[in-house]
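Asks: Right, I'll just put the structure down here and ask away after.
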Amino acid sequence: MATGLPYGTTFPSDRVRVDGALHLQEKERGLRPRRLPAWTRARTPHPFVDVVVEATAGVRLVLRTEATTLELTLHTTRVVVPGGGPLAAAVDLVVDGSLVRRESLTGGDLLHIVSVRNDVDLVPGEADTVRFAGLATGDKQVEIWLPQSVACDLVSLRADAELRTADPDTRPRWVHHGSSVSHCLEAEGPTGTWPSVAAAAVGLHLTNLGFAGNAMLDPFVARAIRDVPADLISLKIGANITEQATMRLRTFLPAVHGFLDTIRDGHPDTPVMVISPIPSPTLEHTPGPTVTDPSRTSAWAFT
């Protein structure tokens, strides 16, 4: 738990910016970042679309401070897949552009999938308080990267010095959409996902719209990308559609064009890069769906 540091803020906060999320939902126990706008929830066909949308890949808290100790309290929700455990989750601290600390999370609610119909049991857990001590003195820009694998309710941030609003981020804005390869659920930490690594390497402001198992050319995703500021857009499409056998050639080609046309409505001149599916030996000569065991036909099995 927090240890009485004299400065701090609860969420939502006018001193801490949340980057990488397109919606911030105020809930009873904290502020939940969501990587798609609120209106998209009514368009999603399955509750586990929300699970991956609310997993905070690429979402980070940004502020300035002279603090040498920071404490973040947050409450996570982790999915537990049948036959496995919850995915690991960690918070990364980046100071003036360099990763200085990674702290694992151990608490949070557990969302157990208990049937092939994706029925769930929720096992309540405790909030985590992550402490970053021994930081360098002096004014610095701080980014706290949230775990890419779980949903987070932000409760409070405390420090031993004043928390201040960071300057606006003037780097070119990169919006990326893709599947689990872009979501990177199993990366060791949030700054270790390849979109985060690439953005840091070339100085881009990242919005990661990688949704494990759910890169399906959904029109609501195209509309969200259309409406968000972007200097570069990249789209990795086809893998989930192939592995889940959700389209045929007749429907796939118009869906790709419709997705791109919608994005172009808001970004007529923005460079757009379309990435074809990466190699997948199990699908090169065998059509999807990849999961054929009826006992494992939950939506989460495809992620």
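Starting from 1 in every chain, residues are counted up; chains themselves are A, B, ... following the order of the structure tokens, and ligands are numbered from 1 as listed.
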Wanna dump the segment 196-244 of chain A-segment 14-27 of chain A contacts at 7 Å for me, each residue with its shortest atom pair and the distance in Å to one decimal, counting only C-alpha atoms, ordered by chain and number, as JSON lines?
Replies:
{"residue": "A:Leu206", "atom": "CA", "partner": "A:Gly20", "partner_atom": "CA", "distance": 6.5}
{"residue": "A:Thr207", "atom": "CA", "partner": "A:Gly20", "partner_atom": "CA", "distance": 4.7}
{"residue": "A:Asn208", "atom": "CA", "partner": "A:Gly20", "partner_atom": "CA", "distance": 6.8}
Asks: Please, which residues of segment 8-152 of chain A, numbered as in this document, come out strand (DSSP E) from DSSP, as a PyMOL selection string?
Replies: chain A and resi 8-10+17-19+23-27+30-34+60-65+70-80+90-95+98-104+109-113+120-123+128-132+140-145+151-152
Asks: Let's have the selection written as an mmCIF file, in the first residue's frame, with C-alpha atoms.
Replies:
data_model
loop_
_atom_site.group_PDB
_atom_site.id
_atom_site.type_symbol
_atom_site.label_atom_id
_atom_site.label_comp_id
_atom_site.auth_asym_id
_atom_site.auth_seq_id
_atom_site.Cartn_x
_atom_site.Cartn_y
_atom_site.Cartn_z
ATOM 1 C CA GLY A 8 -0.097 13.015 -5.222
ATOM 2 C CA THR A 9 -3.166 12.865 -7.377
ATOM 3 C CA THR A 10 -6.108 10.590 -7.992
ATOM 4 C CA ARG A 17 -1.684 12.834 -19.046
ATOM 5 C CA VAL A 18 -2.826 9.437 -20.294
ATOM 6 C CA ASP A 19 -1.437 8.776 -23.789
ATOM 7 C CA HIS A 23 -11.344 6.760 -24.098
ATOM 8 C CA LEU A 24 -11.003 7.145 -20.334
ATOM 9 C CA GLN A 25 -13.872 5.580 -18.414
ATOM 10 C CA GLU A 26 -14.506 6.694 -14.840
ATOM 11 C CA LYS A 27 -15.358 3.624 -12.779
ATOM 12 C CA GLY A 30 -10.583 4.250 -10.668
ATOM 13 C CA LEU A 31 -10.044 5.478 -14.217
ATOM 14 C CA ARG A 32 -9.962 2.769 -16.892
ATOM 15 C CA PRO A 33 -8.141 3.565 -20.160
ATOM 16 C CA ARG A 34 -9.732 2.016 -23.239
ATOM 17 C CA ARG A 60 1.272 5.325 -20.580
ATOM 18 C CA LEU A 61 1.053 8.058 -17.939
ATOM 19 C CA VAL A 62 3.104 11.151 -18.764
ATOM 20 C CA LEU A 63 4.189 13.886 -16.327
ATOM 21 C CA ARG A 64 7.111 16.012 -15.113
ATOM 22 C CA THR A 65 8.487 15.915 -11.588
ATOM 23 C CA LEU A 70 6.838 7.422 -7.083
ATOM 24 C CA GLU A 71 4.017 5.096 -6.066
ATOM 25 C CA LEU A 72 1.283 4.076 -8.500
ATOM 26 C CA THR A 73 -1.801 2.271 -7.218
ATOM 27 C CA LEU A 74 -3.870 0.452 -9.821
ATOM 28 C CA HIS A 75 -6.326 -2.423 -9.946
ATOM 29 C CA THR A 76 -5.997 -4.895 -12.818
ATOM 30 C CA THR A 77 -8.295 -7.499 -14.354
ATOM 31 C CA ARG A 78 -6.580 -10.548 -15.863
ATOM 32 C CA VAL A 79 -8.081 -13.239 -18.058
ATOM 33 C CA VAL A 80 -7.311 -16.847 -17.111
ATOM 34 C CA ALA A 90 4.385 -5.473 -15.476
ATOM 35 C CA VAL A 91 4.696 -1.691 -15.294
ATOM 36 C CA ASP A 92 7.675 0.047 -16.914
ATOM 37 C CA LEU A 93 9.147 3.355 -15.746
ATOM 38 C CA VAL A 94 10.752 5.481 -18.469
ATOM 39 C CA VAL A 95 12.648 8.639 -17.441
ATOM 40 C CA SER A 98 15.174 5.654 -21.068
ATOM 41 C CA LEU A 99 13.762 2.577 -19.357
ATOM 42 C CA VAL A 100 14.970 2.659 -15.753
ATOM 43 C CA ARG A 101 12.750 0.163 -13.930
ATOM 44 C CA ARG A 102 10.273 -2.672 -14.493
ATOM 45 C CA GLU A 103 7.997 -3.888 -11.696
ATOM 46 C CA SER A 104 5.798 -6.989 -11.878
ATOM 47 C CA ASP A 109 -9.117 -9.604 -10.284
ATOM 48 C CA LEU A 110 -9.006 -12.910 -12.171
ATOM 49 C CA LEU A 111 -11.522 -13.497 -14.955
ATOM 50 C CA HIS A 112 -11.778 -17.268 -15.474
ATOM 51 C CA ILE A 113 -13.261 -18.593 -18.730
ATOM 52 C CA VAL A 120 -16.811 -16.386 -16.934
ATOM 53 C CA ASP A 121 -16.242 -16.395 -13.200
ATOM 54 C CA LEU A 122 -14.762 -13.263 -11.651
ATOM 55 C CA VAL A 123 -12.520 -13.803 -8.639
ATOM 56 C CA ASP A 128 -1.307 -3.309 -6.649
ATOM 57 C CA THR A 129 0.890 -0.444 -5.451
ATOM 58 C CA VAL A 130 4.066 -0.198 -7.511
ATOM 59 C CA ARG A 131 6.916 1.738 -5.880
ATOM 60 C CA PHE A 132 9.765 3.292 -7.850
ATOM 61 C CA LYS A 140 12.619 14.985 -15.462
ATOM 62 C CA GLN A 141 9.926 13.743 -17.778
ATOM 63 C CA VAL A 142 8.391 10.517 -16.542
ATOM 64 C CA GLU A 143 6.395 7.947 -18.484
ATOM 65 C CA ILE A 144 4.771 5.050 -16.655
ATOM 66 C CA TRP A 145 3.868 2.387 -19.217
ATOM 67 C CA ALA A 151 -7.126 -3.976 -18.092
ATOM 68 C CA CYS A 152 -6.138 -1.332 -15.532
#
Asks: Let me make sure I understand: among A:Gly125, A:Ser280, A:Ala255, A:Ala230, which one has the smallest atom-to-atom distance to Pro268 of chain A if we use only C-alpha atoms?
Replies: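 Ranking A:Gly125, A:Ser280, A:Ala255, A:Ala230 by distance to Pro268 of chain A, first place goes to A:Ala230.
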Asks: Looking at only C-alpha atoms, which of A:Asp227, A:Glu243, A:Asp153, A:Asp218 is the one that sits closest to Glu28 of chain A?
Replies: A:Asp153
Asks: Assign secondary structure with DSSP using the backbone only, and return the residues of segment 238-300 of chain A in alpha helix (DSSP H) as a ChimeraX atom specification.
Replies: /A:239-244,249-266
Asks: Limited to N, CA, C and O atoms, could you put the picked residues into a file as an mmCIF file, in the first residue's frame?
Replies:
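Wrote part.cif, looks like this:
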data_model
loop_
_atom_site.group_PDB
_atom_site.id
_atom_site.type_symbol
_atom_site.label_atom_id
_atom_site.label_comp_id
_atom_site.auth_asym_id
_atom_site.auth_seq_id
_atom_site.Cartn_x
_atom_site.Cartn_y
_atom_site.Cartn_z
ATOM 1 N N ALA A 239 -4.284 -12.007 -40.708
ATOM 2 C CA ALA A 239 -3.932 -13.192 -39.922
ATOM 3 C C ALA A 239 -5.139 -13.756 -39.175
ATOM 4 O O ALA A 239 -5.441 -14.957 -39.267
ATOM 5 N N ASN A 240 -5.837 -12.922 -38.432
ATOM 6 C CA ASN A 240 -6.986 -13.415 -37.665
ATOM 7 C C ASN A 240 -8.128 -13.849 -38.570
ATOM 8 O O ASN A 240 -8.837 -14.826 -38.279
ATOM 9 N N ILE A 241 -8.297 -13.153 -39.668
ATOM 10 C CA ILE A 241 -9.349 -13.523 -40.612
ATOM 11 C C ILE A 241 -9.083 -14.902 -41.194
ATOM 12 O O ILE A 241 -9.996 -15.728 -41.334
ATOM 13 N N THR A 242 -7.827 -15.190 -41.508
ATOM 14 C CA THR A 242 -7.463 -16.492 -42.058
ATOM 15 C C THR A 242 -7.583 -17.586 -41.013
ATOM 16 O O THR A 242 -8.204 -18.631 -41.253
ATOM 17 N N GLU A 243 -7.021 -17.350 -39.822
ATOM 18 C CA GLU A 243 -7.002 -18.412 -38.821
ATOM 19 C C GLU A 243 -8.382 -18.728 -38.289
ATOM 20 O O GLU A 243 -8.660 -19.854 -37.875
ATOM 21 N N GLN A 244 -9.285 -17.757 -38.313
ATOM 22 C CA GLN A 244 -10.640 -18.002 -37.817
ATOM 23 C C GLN A 244 -11.639 -18.234 -38.941
ATOM 24 O O GLN A 244 -12.817 -18.467 -38.672
ATOM 25 N N LEU A 249 -12.778 -14.859 -50.211
ATOM 26 C CA LEU A 249 -12.229 -13.855 -51.116
ATOM 27 C C LEU A 249 -13.289 -12.843 -51.529
ATOM 28 O O LEU A 249 -13.009 -11.649 -51.616
ATOM 29 N N ARG A 250 -14.515 -13.303 -51.741
ATOM 30 C CA ARG A 250 -15.590 -12.413 -52.167
ATOM 31 C C ARG A 250 -15.844 -11.295 -51.162
ATOM 32 O O ARG A 250 -16.102 -10.140 -51.543
ATOM 33 N N THR A 251 -15.755 -11.590 -49.875
ATOM 34 C CA THR A 251 -16.036 -10.574 -48.853
ATOM 35 C C THR A 251 -14.777 -9.869 -48.366
ATOM 36 O O THR A 251 -14.839 -8.711 -47.947
ATOM 37 N N PHE A 252 -13.635 -10.558 -48.446
ATOM 38 C CA PHE A 252 -12.405 -9.984 -47.907
ATOM 39 C C PHE A 252 -11.952 -8.759 -48.702
ATOM 40 O O PHE A 252 -11.631 -7.711 -48.120
ATOM 41 N N LEU A 253 -11.920 -8.863 -50.022
ATOM 42 C CA LEU A 253 -11.406 -7.762 -50.832
ATOM 43 C C LEU A 253 -12.234 -6.487 -50.653
ATOM 44 O O LEU A 253 -11.667 -5.417 -50.401
ATOM 45 N N PRO A 254 -13.576 -6.540 -50.742
ATOM 46 C CA PRO A 254 -14.339 -5.316 -50.477
ATOM 47 C C PRO A 254 -14.171 -4.798 -49.050
ATOM 48 O O PRO A 254 -14.191 -3.587 -48.823
ATOM 49 N N ALA A 255 -13.990 -5.720 -48.083
ATOM 50 C CA ALA A 255 -13.810 -5.280 -46.699
ATOM 51 C C ALA A 255 -12.511 -4.505 -46.538
ATOM 52 O O ALA A 255 -12.464 -3.487 -45.825
ATOM 53 N N VAL A 256 -11.436 -4.969 -47.191
ATOM 54 C CA VAL A 256 -10.165 -4.241 -47.136
ATOM 55 C C VAL A 256 -10.334 -2.850 -47.736
ATOM 56 O O VAL A 256 -9.917 -1.844 -47.143
ATOM 57 N N HIS A 257 -10.955 -2.780 -48.913
ATOM 58 C CA HIS A 257 -11.141 -1.476 -49.553
ATOM 59 C C HIS A 257 -12.030 -0.563 -48.709
ATOM 60 O O HIS A 257 -11.757 0.638 -48.579
ATOM 61 N N GLY A 258 -13.080 -1.126 -48.125
ATOM 62 C CA GLY A 258 -13.959 -0.308 -47.286
ATOM 63 C C GLY A 258 -13.241 0.219 -46.059
ATOM 64 O O GLY A 258 -13.439 1.379 -45.656
ATOM 65 N N PHE A 259 -12.402 -0.620 -45.447
ATOM 66 C CA PHE A 259 -11.618 -0.216 -44.277
ATOM 67 C C PHE A 259 -10.698 0.946 -44.648
ATOM 68 O O PHE A 259 -10.646 1.973 -43.952
ATOM 69 N N LEU A 260 -9.991 0.803 -45.777
ATOM 70 C CA LEU A 260 -9.078 1.855 -46.214
ATOM 71 C C LEU A 260 -9.827 3.115 -46.630
ATOM 72 O O LEU A 260 -9.380 4.240 -46.342
ATOM 73 N N ASP A 261 -10.957 2.957 -47.293
ATOM 74 C CA ASP A 261 -11.734 4.129 -47.714
ATOM 75 C C ASP A 261 -12.205 4.937 -46.510
ATOM 76 O O ASP A 261 -12.188 6.174 -46.532
ATOM 77 N N THR A 262 -12.643 4.239 -45.460
ATOM 78 C CA THR A 262 -13.091 4.943 -44.258
ATOM 79 C C THR A 262 -11.938 5.725 -43.631
ATOM 80 O O THR A 262 -12.096 6.885 -43.240
ATOM 81 N N ILE A 263 -10.781 5.110 -43.527
ATOM 82 C CA ILE A 263 -9.614 5.801 -42.978
ATOM 83 C C ILE A 263 -9.261 7.010 -43.834
ATOM 84 O O ILE A 263 -8.965 8.097 -43.319
ATOM 85 N N ARG A 264 -9.306 6.854 -45.160
ATOM 86 C CA ARG A 264 -8.973 7.953 -46.067
ATOM 87 C C ARG A 264 -9.952 9.116 -45.956
ATOM 88 O O ARG A 264 -9.590 10.265 -46.249
ATOM 89 N N ASP A 265 -11.166 8.867 -45.517
ATOM 90 C CA ASP A 265 -12.120 9.965 -45.309
ATOM 91 C C ASP A 265 -11.581 10.984 -44.310
ATOM 92 O O ASP A 265 -11.850 12.173 -44.418
ATOM 93 N N GLY A 266 -10.825 10.515 -43.323
ATOM 94 C CA GLY A 266 -10.266 11.419 -42.324
ATOM 95 C C GLY A 266 -8.808 11.737 -42.538
ATOM 96 O O GLY A 266 -8.290 12.706 -41.960
#
Asks: Contacts of segment 42-53 of chain A at 8 Å or less, counting only C-alpha atoms, minus same-chain residues fewer than 2 places along, as an MDAnalysis selection string?
Replies: chainID A and resid 34:36 39:40 55:56 150:151 209 211:212 214 220 299:300
Asks: Identify, on the basis of only C-alpha atoms, every residue whose closest approach to Gly203 of chain A does not exceed 12 Å; exclude the query and any residue fewer than 5 positions from it along the same chain; express the result as a PyMOL selection string.
Replies: chain A and resi 97+169-174+195-198
Asks: One number please: atom CA of Gly84 of chain A to atom CA of Leu154 of chain A, in Å, one decimal.
Replies: 26.6 Å
Asks: From the options A:Pro190, A:Ala127, A:Pro287, A:Lys236, which residue's atoms come nearest to Val155 of chain A, counting only C-alpha atoms?
Replies: A:Ala127
Asks: Kindly assemble as a tab-separated table a list of the segment 26-114 of chain A residues that lie within 9 Å of segment 176-186 of chain A, each paired with its nearest atom pair and their distance in Å to one decimal, using only C-alpha atoms, sorted first by chain and then by ascending residue number.
Replies:
residue	atom	partner	partner_atom	distance
A:Val52	CA	A:His183	CA	8.6
A:Ala55	CA	A:Leu185	CA	8.9
A:Ala57	CA	A:His183	CA	6.4
A:Gly58	CA	A:His183	CA	8.8
A:Leu87	CA	A:Glu186	CA	7.1
A:Ala88	CA	A:Glu186	CA	7.4
A:Ala89	CA	A:Glu186	CA	8.9
Asks: The selected residues should be written to file as a PDB file, in the first residue's frame (atoms: C-alpha atoms).
Replies:
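out38.pdb, freshly written:
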ATOM      1  CA  VAL A  52      -8.461  -6.978 -25.600  1.00  0.00           C
ATOM      2  CA  ALA A  55      -5.801  -4.286 -22.209  1.00  0.00           C
ATOM      3  CA  ALA A  57      -0.970  -1.967 -24.780  1.00  0.00           C
ATOM      4  CA  GLY A  58       0.914   1.240 -25.531  1.00  0.00           C
ATOM      5  CA  LEU A  87      -0.794 -13.659 -18.275  1.00  0.00           C
ATOM      6  CA  ALA A  88       2.108 -11.914 -16.575  1.00  0.00           C
ATOM      7  CA  ALA A  89       1.791  -8.151 -16.154  1.00  0.00           C
TER       8      ALA A  89
END
Asks: Using atom CA of Ala161 of chain A and atom CA of Thr68 of chain A as the two end points, give the distance in Å to one decimal.
Replies: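 Separating atom CA of Ala161 of chain A from atom CA of Thr68 of chain A is a distance of 7.7 Å.
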Asks: Would you mind reading off the distance between atom CA of Pro6 of chain A and atom CA of Arg158 of chain A, one decimal, in Å?
Replies: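 Atom CA of Arg158 of chain A lies 7.4 Å from atom CA of Pro6 of chain A.
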Asks: Which residue, A:Thr246, A:Thr286, A:Thr270, A:Ser156, has the smallest gap to Ile225 of chain A when you use only C-alpha atoms?
Replies: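 The answer is A:Thr270, which sits nearest to Ile225 of chain A.
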Asks: Using only C-alpha atoms, which of the listed residues (A:Val274, A:Val202, A:Met247, A:Val175) sits closest to Val221 of chain A?
Replies: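 Nearest candidate to Val221 of chain A out of A:Val274, A:Val202, A:Met247, A:Val175: A:Val175.
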